[in-house]
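model_7.csv follows; it contains CSV, C-alpha atoms and all ligand atoms.
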```csv
chain,number,residue,atom,x,y,z
A,1,MET,CA,20.3,12.9,-102.4
A,2,THR,CA,21.8,10.1,-100.5
A,3,GLN,CA,25.6,10.7,-100.6
A,4,PRO,CA,26.9,13.6,-98.5
A,5,ILE,CA,27.7,16.8,-100.4
A,6,PHE,CA,30.8,18.7,-99.3
A,7,LEU,CA,31.2,22.4,-100.1
A,8,VAL,CA,34.8,23.5,-100.3
A,9,GLY,CA,36.5,26.9,-101.2
A,10,PRO,CA,38.2,29.8,-99.6
A,11,ARG,CA,36.8,32.1,-96.8
A,12,GLY,CA,33.9,34.1,-98.2
A,13,CYS,CA,33.0,31.9,-101.2
A,14,GLY,CA,29.7,31.2,-99.6
A,15,LYS,CA,30.0,27.6,-98.3
A,16,THR,CA,27.8,28.3,-95.2
A,17,THR,CA,25.3,30.5,-97.1
A,18,VAL,CA,24.9,28.3,-100.1
A,19,GLY,CA,25.0,25.1,-98.0
A,20,LEU,CA,22.0,26.2,-96.0
A,21,GLU,CA,20.0,27.1,-99.1
A,22,LEU,CA,21.0,23.8,-100.9
A,23,ALA,CA,19.9,21.8,-97.8
A,24,ARG,CA,16.6,23.7,-97.8
A,25,VAL,CA,15.8,23.1,-101.5
A,26,SER,CA,17.0,19.4,-101.4
A,27,GLN,CA,15.3,18.8,-98.0
A,28,SER,CA,18.6,17.5,-96.6
A,29,GLN,CA,20.3,17.9,-93.3
A,30,PHE,CA,22.8,20.8,-93.0
A,31,VAL,CA,26.1,20.8,-91.0
A,32,ASP,CA,28.8,23.5,-90.9
A,33,THR,CA,32.1,22.0,-89.6
A,34,ASP,CA,33.1,25.4,-88.1
A,35,HIS,CA,29.8,25.8,-86.2
A,36,TRP,CA,29.8,22.2,-85.1
A,37,LEU,CA,33.4,22.4,-83.9
A,38,GLN,CA,32.9,25.7,-82.0
A,39,THR,CA,29.8,24.3,-80.3
A,40,GLU,CA,31.6,21.1,-79.3
A,41,ALA,CA,34.6,23.1,-77.9
A,42,GLY,CA,32.5,25.8,-76.3
A,43,GLU,CA,34.9,28.3,-77.8
A,44,THR,CA,35.4,30.3,-81.0
A,45,ILE,CA,38.0,29.4,-83.5
A,46,ALA,CA,39.9,32.5,-82.6
A,47,GLN,CA,40.0,31.5,-79.0
A,48,LEU,CA,41.1,27.9,-79.8
A,49,VAL,CA,43.8,29.1,-82.2
A,50,GLU,CA,45.1,31.6,-79.6
A,51,LYS,CA,45.2,28.9,-76.9
A,52,GLU,CA,46.3,25.8,-78.9
A,53,GLY,CA,47.6,27.0,-82.3
A,54,TRP,CA,46.6,26.2,-85.9
A,55,ALA,CA,47.9,22.6,-85.9
A,56,ARG,CA,45.6,21.5,-83.1
A,57,PHE,CA,42.7,23.3,-84.8
A,58,ARG,CA,43.4,21.4,-88.0
A,59,ALA,CA,43.3,18.1,-86.0
A,60,ARG,CA,39.9,19.1,-84.5
A,61,GLU,CA,38.7,20.0,-88.0
A,62,THR,CA,39.6,16.6,-89.4
A,63,ALA,CA,37.9,14.9,-86.4
A,64,THR,CA,34.8,17.0,-87.0
A,65,LEU,CA,34.7,16.2,-90.7
A,66,MET,CA,34.7,12.5,-89.9
A,67,ALA,CA,32.1,12.9,-87.1
A,68,VAL,CA,29.5,14.9,-89.2
A,69,THR,CA,29.7,13.0,-92.5
A,70,ALA,CA,26.5,11.1,-93.0
A,71,PRO,CA,24.2,10.3,-95.9
A,72,GLY,CA,21.7,12.9,-97.0
A,73,THR,CA,23.7,15.8,-95.5
A,74,VAL,CA,25.0,19.0,-97.0
A,75,ILE,CA,28.3,19.8,-95.3
A,76,ALA,CA,29.8,23.3,-95.4
A,77,THR,CA,33.5,22.9,-94.6
A,78,GLY,CA,36.0,25.5,-93.4
A,79,GLY,CA,38.3,27.0,-96.0
A,80,GLY,CA,41.3,25.1,-94.9
A,81,ILE,CA,39.8,21.6,-94.9
A,82,VAL,CA,41.6,20.7,-98.1
A,83,LEU,CA,45.1,21.3,-96.6
A,84,ALA,CA,45.1,17.7,-95.3
A,85,GLU,CA,45.4,15.0,-98.0
A,86,GLN,CA,43.5,12.8,-95.6
A,87,ASN,CA,40.5,15.2,-95.7
A,88,ARG,CA,40.6,15.5,-99.5
A,89,SER,CA,40.6,11.8,-100.2
A,90,PHE,CA,38.0,11.2,-97.4
A,91,MET,CA,35.5,13.7,-99.0
A,92,ARG,CA,36.1,12.4,-102.5
A,93,GLU,CA,35.5,8.8,-101.5
A,94,LYS,CA,32.5,9.4,-99.2
A,95,GLY,CA,30.5,11.9,-101.2
A,96,THR,CA,30.4,14.6,-103.9
A,97,VAL,CA,32.7,17.6,-103.5
A,98,ILE,CA,31.8,21.0,-104.9
A,99,TYR,CA,34.3,23.8,-105.2
A,100,LEU,CA,32.7,27.3,-104.9
A,101,CYS,CA,35.0,29.3,-107.0
A,102,ALA,CA,35.1,33.1,-106.9
A,103,PRO,CA,37.7,35.8,-107.7
A,104,VAL,CA,39.8,37.5,-105.0
A,105,SER,CA,37.9,40.8,-105.4
A,106,THR,CA,34.6,39.1,-104.6
A,107,LEU,CA,36.0,37.3,-101.6
A,108,VAL,CA,37.6,40.4,-100.2
A,109,ALA,CA,34.4,42.5,-100.6
A,110,ARG,CA,32.4,39.8,-98.8
A,111,LEU,CA,34.9,39.3,-96.0
A,112,GLU,CA,35.3,43.1,-95.4
A,113,ALA,CA,31.5,43.4,-95.2
A,114,SER,CA,31.2,40.4,-92.8
A,115,PRO,CA,34.6,39.6,-91.2
A,116,GLU,CA,33.2,37.3,-88.4
A,117,GLU,CA,36.5,37.6,-86.5
A,118,GLY,CA,35.7,35.0,-84.0
A,119,GLN,CA,35.5,32.4,-86.7
A,120,ARG,CA,38.1,33.8,-89.0
A,121,PRO,CA,41.3,34.8,-87.1
A,122,THR,CA,44.1,36.0,-89.4
A,123,LEU,CA,45.9,33.3,-91.2
A,124,THR,CA,49.0,35.4,-92.2
A,125,GLY,CA,48.9,38.6,-90.2
A,126,LYS,CA,48.5,40.5,-93.5
A,127,PRO,CA,45.7,42.8,-94.6
A,128,VAL,CA,42.6,40.9,-95.9
A,129,SER,CA,43.2,41.7,-99.6
A,130,GLU,CA,46.8,40.4,-99.5
A,131,GLU,CA,45.9,37.4,-97.4
A,132,VAL,CA,43.0,36.3,-99.6
A,133,SER,CA,45.2,36.5,-102.7
A,134,GLU,CA,48.1,34.7,-101.1
A,135,ILE,CA,45.9,31.9,-99.6
A,136,LEU,CA,43.9,31.4,-102.8
A,137,ALA,CA,47.2,31.0,-104.8
A,138,GLU,CA,48.3,28.3,-102.4
A,139,ARG,CA,45.0,26.5,-102.2
A,140,ASP,CA,43.3,26.8,-105.6
A,141,ALA,CA,44.9,23.6,-106.9
A,142,LEU,CA,43.9,21.7,-103.7
A,143,TYR,CA,40.3,22.8,-104.0
A,144,ARG,CA,40.3,21.6,-107.7
A,145,GLU,CA,42.0,18.3,-106.7
A,146,ALA,CA,39.4,17.6,-104.1
A,147,ALA,CA,36.3,18.7,-106.2
A,148,HIS,CA,34.1,16.6,-108.4
A,149,HIS,CA,32.5,19.8,-109.7
A,150,VAL,CA,33.5,23.5,-109.8
A,151,VAL,CA,30.8,26.2,-109.7
A,152,ASN,CA,30.8,29.9,-110.2
A,153,ALA,CA,30.2,31.3,-106.7
A,154,SER,CA,30.1,35.0,-107.7
A,155,GLN,CA,26.4,34.7,-108.5
A,156,ALA,CA,23.5,35.0,-106.1
A,157,PRO,CA,23.2,32.1,-103.6
A,158,GLU,CA,20.1,30.8,-105.4
A,159,GLU,CA,22.0,30.7,-108.7
A,160,VAL,CA,24.9,28.9,-107.1
A,161,VAL,CA,22.5,26.3,-105.7
A,162,ASN,CA,20.9,25.9,-109.2
A,163,GLN,CA,24.4,25.2,-110.7
A,164,ILE,CA,25.0,22.6,-108.0
A,165,VAL,CA,21.7,20.9,-108.5
A,166,THR,CA,22.3,20.8,-112.3
A,167,ALA,CA,25.8,19.4,-111.8
A,168,LEU,CA,24.5,16.6,-109.5
A,169,ARG,CA,21.6,15.8,-111.9
A,170,LEU,CA,23.9,15.6,-114.9
A,171,ALA,CA,26.3,13.4,-112.9
A,172,CYS,CA,23.4,11.1,-112.0
A,173,VAL,CA,22.3,10.5,-115.6
A,174,SER,CA,25.8,10.2,-117.1
B,1,LIG,N1,26.6,34.1,-103.5
B,1,LIG,C1,26.7,35.1,-102.6
B,1,LIG,N2,26.3,36.4,-103.0
B,1,LIG,C2,26.4,37.4,-102.2
B,1,LIG,N3,26.9,37.3,-100.9
B,1,LIG,C3,27.2,36.1,-100.5
B,1,LIG,C4,27.2,35.0,-101.3
B,1,LIG,N4,27.6,33.9,-100.6
B,1,LIG,C5,27.9,34.4,-99.4
B,1,LIG,N5,27.7,35.7,-99.3
B,1,LIG,C6,28.0,36.6,-98.1
B,1,LIG,O1,29.4,36.5,-97.9
B,1,LIG,C7,29.7,36.4,-96.5
B,1,LIG,C8,30.5,35.1,-96.3
B,1,LIG,O2,29.7,34.0,-96.6
B,1,LIG,P1,29.8,32.6,-95.9
B,1,LIG,O3,28.7,31.8,-96.4
B,1,LIG,O4,30.0,32.7,-94.5
B,1,LIG,O5,31.2,32.1,-96.6
B,1,LIG,P2,32.2,30.9,-96.2
B,1,LIG,O6,31.4,29.9,-95.4
B,1,LIG,O7,32.6,30.3,-97.5
B,1,LIG,O8,33.3,31.5,-95.5
B,1,LIG,C9,28.4,36.4,-95.8
B,1,LIG,O9,28.1,37.8,-95.4
B,1,LIG,C10,27.4,36.1,-96.9
B,1,LIG,O10,26.1,36.7,-96.7
B,2,LIG,O1,40.5,29.3,-94.6
B,2,LIG,C1,40.8,28.8,-93.4
B,2,LIG,O2,41.9,28.3,-93.2
B,2,LIG,C2,39.7,28.9,-92.4
B,2,LIG,C3,38.4,29.2,-92.8
B,2,LIG,C4,37.3,29.4,-91.8
B,2,LIG,O3,36.1,28.9,-92.4
B,2,LIG,P1,35.3,29.7,-93.6
B,2,LIG,O4,35.9,29.3,-94.9
B,2,LIG,O5,33.9,29.2,-93.5
B,2,LIG,O6,35.4,31.2,-93.3
B,2,LIG,C5,37.6,28.6,-90.5
B,2,LIG,O7,37.5,27.2,-90.8
B,2,LIG,C6,39.0,28.9,-90.0
B,2,LIG,O8,39.0,30.3,-89.6
B,2,LIG,C7,40.1,28.6,-91.0
B,3,MG,MG,31.6,29.1,-93.5
```
Structure rendered as C-alpha cells:
Amino acid sequence: MTQPIFLVGPRGCGKTTVGLELARVSQSQFVDTDHWLQTEAGETIAQLVEKEGWARFRARETATLMAVTAPGTVIATGGGIVLAEQNRSFMREKGTVIYLCAPVSTLVARLEASPEEGQRPTLTGKPVSEEVSEILAERDALYREAAHHVVNASQAPEEVVNQIVTALRLACVS
C-alpha cells in the first residue's frame, strides 16, 4: 500500500477500530485525526468546542488532515471531516477513501455502549438516537461523494478489513 487510505463515516461506524486493524494487517502506519488533534492541542474535543466553538474545531481538523496525510498510512478521520468540500476533494485526490456504512441502530448501540464524551460532545443537543439519525441523513450523500469504495461496517472488524483489502486489490487489477 503506497497511497494513504482514508476511512470516513459517522460516529461509531468503526473508523478508529477498523483503521487500527487494517494498519496492522497491511503493515502500514496508523493515524487517527481526532487523537492527533487532541494530543497537539493538549485538550479534548469537548474542551476545545466548549472554549472555541465548532467552526474553530473544523479548521483544526482540516489542518490536521493535511498534516497527517502521508504515503503508506491508514488515516481514521472524524465523522465530520466530509463537511468541508476542501477535505473531500483533498482525500479523493491524495488517496483512497473508504466509507464505513452502517445503519442507525448499529451506530446508536455502539455509541451508547462507548460514548467517549470527551471526544464526542453533542452535535445537536438531542438524544443520541435522534442525533445519529439526523446527522446521518445530512451526511450520507457527502460520505458517498467522498468515497471510492463503500463497505458494510455492521460486520466484525476483521470482516470489514477483509472487505477493504478486497476492494483495494480489485481496484489495483482493474
Ligand atoms: N465492526 C465493529 N463491530 C463491533 N463493534 C465495533 C465495530 N467497530 C467499532 N466497534 C465499537 O464501536 C465503538 C465505536 O468505534 P470507533 O472505532 O471509535 O468508531 P468511530 O471512530 O467511527 O467513531 C467502539 O466501542 C468499538 O469497539
Ligand atoms: O461526527 C462528528 O462531527 C464528529 C465525530 C468525532 O469523531 P468520531 O467519528 O471518530 O467519533 C469527532 O471528530 C468530533 O466529535 C466530531
Ligand atoms: Mg474515531
Please return as a VMD selection string every residue within 12 Å of (41.6, 35.1, -94.8), taking into account all atoms listed in the file and the file's own coordinates. chain A and resid 9 to 13 78 to 80 104 107 to 112 114 to 117 119 to 136 139
Counting only C-alpha atoms and all ligand atoms, the residue of A:Ala41, A:Leu22, A:Val82, A:Ala147 that sits nearest ligand LIG 2 (chain B):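 Nearest to ligand LIG 2 (chain B): A:Val82.
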Within 8 Å of file point (31.2, 23.1, -90.8), counting all atoms listed in the file, expressed as a ChimeraX atom specification: /A:16,31-37,65,75-78
Hey, which of A:Thr96, A:Gln163, A:Gln3, A:Ser89 ends up closest to ligand LIG 1 (chain B)? Count all atoms listed in the file.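 Going through A:Thr96, A:Gln163, A:Gln3, A:Ser89 one by one, the smallest distance to ligand LIG 1 (chain B) is for A:Gln163.
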Atom pair atom CA of A:Val97 / atom CA of A:Ala171: separation (Å):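 Between these atoms lies a distance of 12.1 Å.
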Export stretch 80-169 of chain A, C-alpha atoms, as a CSV table (one decimal), in the first residue's frame; it's the structure right above.
```csv
chain,number,residue,atom,x,y,z
A,80,GLY,CA,-17.5,15.4,10.3
A,81,ILE,CA,-14.4,15.6,8.1
A,82,VAL,CA,-16.6,15.4,4.9
A,83,LEU,CA,-18.5,18.6,5.8
A,84,ALA,CA,-15.8,20.7,4.1
A,85,GLU,CA,-15.6,20.3,0.3
A,86,GLN,CA,-11.9,21.1,0.6
A,87,ASN,CA,-11.4,17.9,2.8
A,88,ARG,CA,-13.5,15.7,0.4
A,89,SER,CA,-11.5,16.7,-2.7
A,90,PHE,CA,-8.2,16.5,-0.8
A,91,MET,CA,-8.8,12.9,0.3
A,92,ARG,CA,-10.1,11.8,-3.1
A,93,GLU,CA,-7.1,13.3,-4.8
A,94,LYS,CA,-4.4,12.2,-2.3
A,95,GLY,CA,-5.5,8.6,-1.7
A,96,THR,CA,-8.3,6.1,-1.5
A,97,VAL,CA,-11.4,6.9,0.5
A,98,ILE,CA,-13.5,4.2,2.2
A,99,TYR,CA,-17.0,4.8,3.6
A,100,LEU,CA,-17.8,2.5,6.5
A,101,CYS,CA,-21.5,2.4,6.2
A,102,ALA,CA,-23.8,1.1,9.0
A,103,PRO,CA,-27.5,1.5,9.9
A,104,VAL,CA,-28.6,4.0,12.6
A,105,SER,CA,-29.5,1.2,15.0
A,106,THR,CA,-25.9,-0.2,14.9
A,107,LEU,CA,-24.3,3.2,15.4
A,108,VAL,CA,-26.6,4.1,18.3
A,109,ALA,CA,-25.9,0.7,20.1
A,110,ARG,CA,-22.2,1.2,19.7
A,111,LEU,CA,-22.2,4.9,20.8
A,112,GLU,CA,-24.4,4.1,23.8
A,113,ALA,CA,-22.0,1.3,24.9
A,114,SER,CA,-19.0,3.5,24.4
A,115,PRO,CA,-19.9,7.2,24.4
A,116,GLU,CA,-16.4,8.7,24.8
A,117,GLU,CA,-17.9,12.0,25.7
A,118,GLY,CA,-14.5,13.8,25.7
A,119,GLN,CA,-14.1,13.1,22.0
A,120,ARG,CA,-17.8,13.2,21.1
A,121,PRO,CA,-19.6,16.2,22.5
A,122,THR,CA,-23.2,16.5,21.4
A,123,LEU,CA,-23.6,17.9,17.9
A,124,THR,CA,-27.3,18.8,18.2
A,125,GLY,CA,-28.2,18.7,21.9
A,126,LYS,CA,-30.7,15.9,21.1
A,127,PRO,CA,-30.7,12.3,22.5
A,128,VAL,CA,-28.2,10.0,20.8
A,129,SER,CA,-30.7,8.1,18.7
A,130,GLU,CA,-32.3,11.2,17.3
A,131,GLU,CA,-28.9,12.9,16.7
A,132,VAL,CA,-27.4,9.9,14.9
A,133,SER,CA,-30.4,9.6,12.6
A,134,GLU,CA,-30.5,13.3,11.8
A,135,ILE,CA,-26.7,13.6,11.2
A,136,LEU,CA,-26.6,10.5,9.0
A,137,ALA,CA,-29.5,11.9,6.9
A,138,GLU,CA,-27.5,15.1,6.4
A,139,ARG,CA,-24.1,13.5,5.7
A,140,ASP,CA,-24.7,10.1,3.9
A,141,ALA,CA,-24.5,11.8,0.5
A,142,LEU,CA,-21.3,13.5,1.5
A,143,TYR,CA,-19.7,10.3,2.6
A,144,ARG,CA,-20.7,8.7,-0.7
A,145,GLU,CA,-19.4,11.6,-2.7
A,146,ALA,CA,-16.0,11.4,-1.0
A,147,ALA,CA,-15.7,7.7,-1.1
A,148,HIS,CA,-14.0,5.5,-3.8
A,149,HIS,CA,-15.5,2.4,-2.0
A,150,VAL,CA,-18.4,1.7,0.4
A,151,VAL,CA,-18.2,-1.2,2.8
A,152,ASN,CA,-20.6,-2.8,5.2
A,153,ALA,CA,-19.4,-1.7,8.6
A,154,SER,CA,-22.0,-3.8,10.6
A,155,GLN,CA,-19.8,-6.8,10.4
A,156,ALA,CA,-17.0,-7.7,12.8
A,157,PRO,CA,-13.9,-5.5,12.4
A,158,GLU,CA,-11.8,-8.3,10.8
A,159,GLU,CA,-14.6,-8.8,8.2
A,160,VAL,CA,-14.7,-5.1,7.5
A,161,VAL,CA,-10.9,-5.1,7.0
A,162,ASN,CA,-11.3,-8.1,4.6
A,163,GLN,CA,-13.9,-6.1,2.5
A,164,ILE,CA,-11.5,-3.1,2.3
A,165,VAL,CA,-8.5,-5.3,1.4
A,166,THR,CA,-10.6,-7.0,-1.4
A,167,ALA,CA,-11.8,-3.6,-2.7
A,168,LEU,CA,-8.2,-2.3,-2.8
A,169,ARG,CA,-7.0,-5.4,-4.6
```
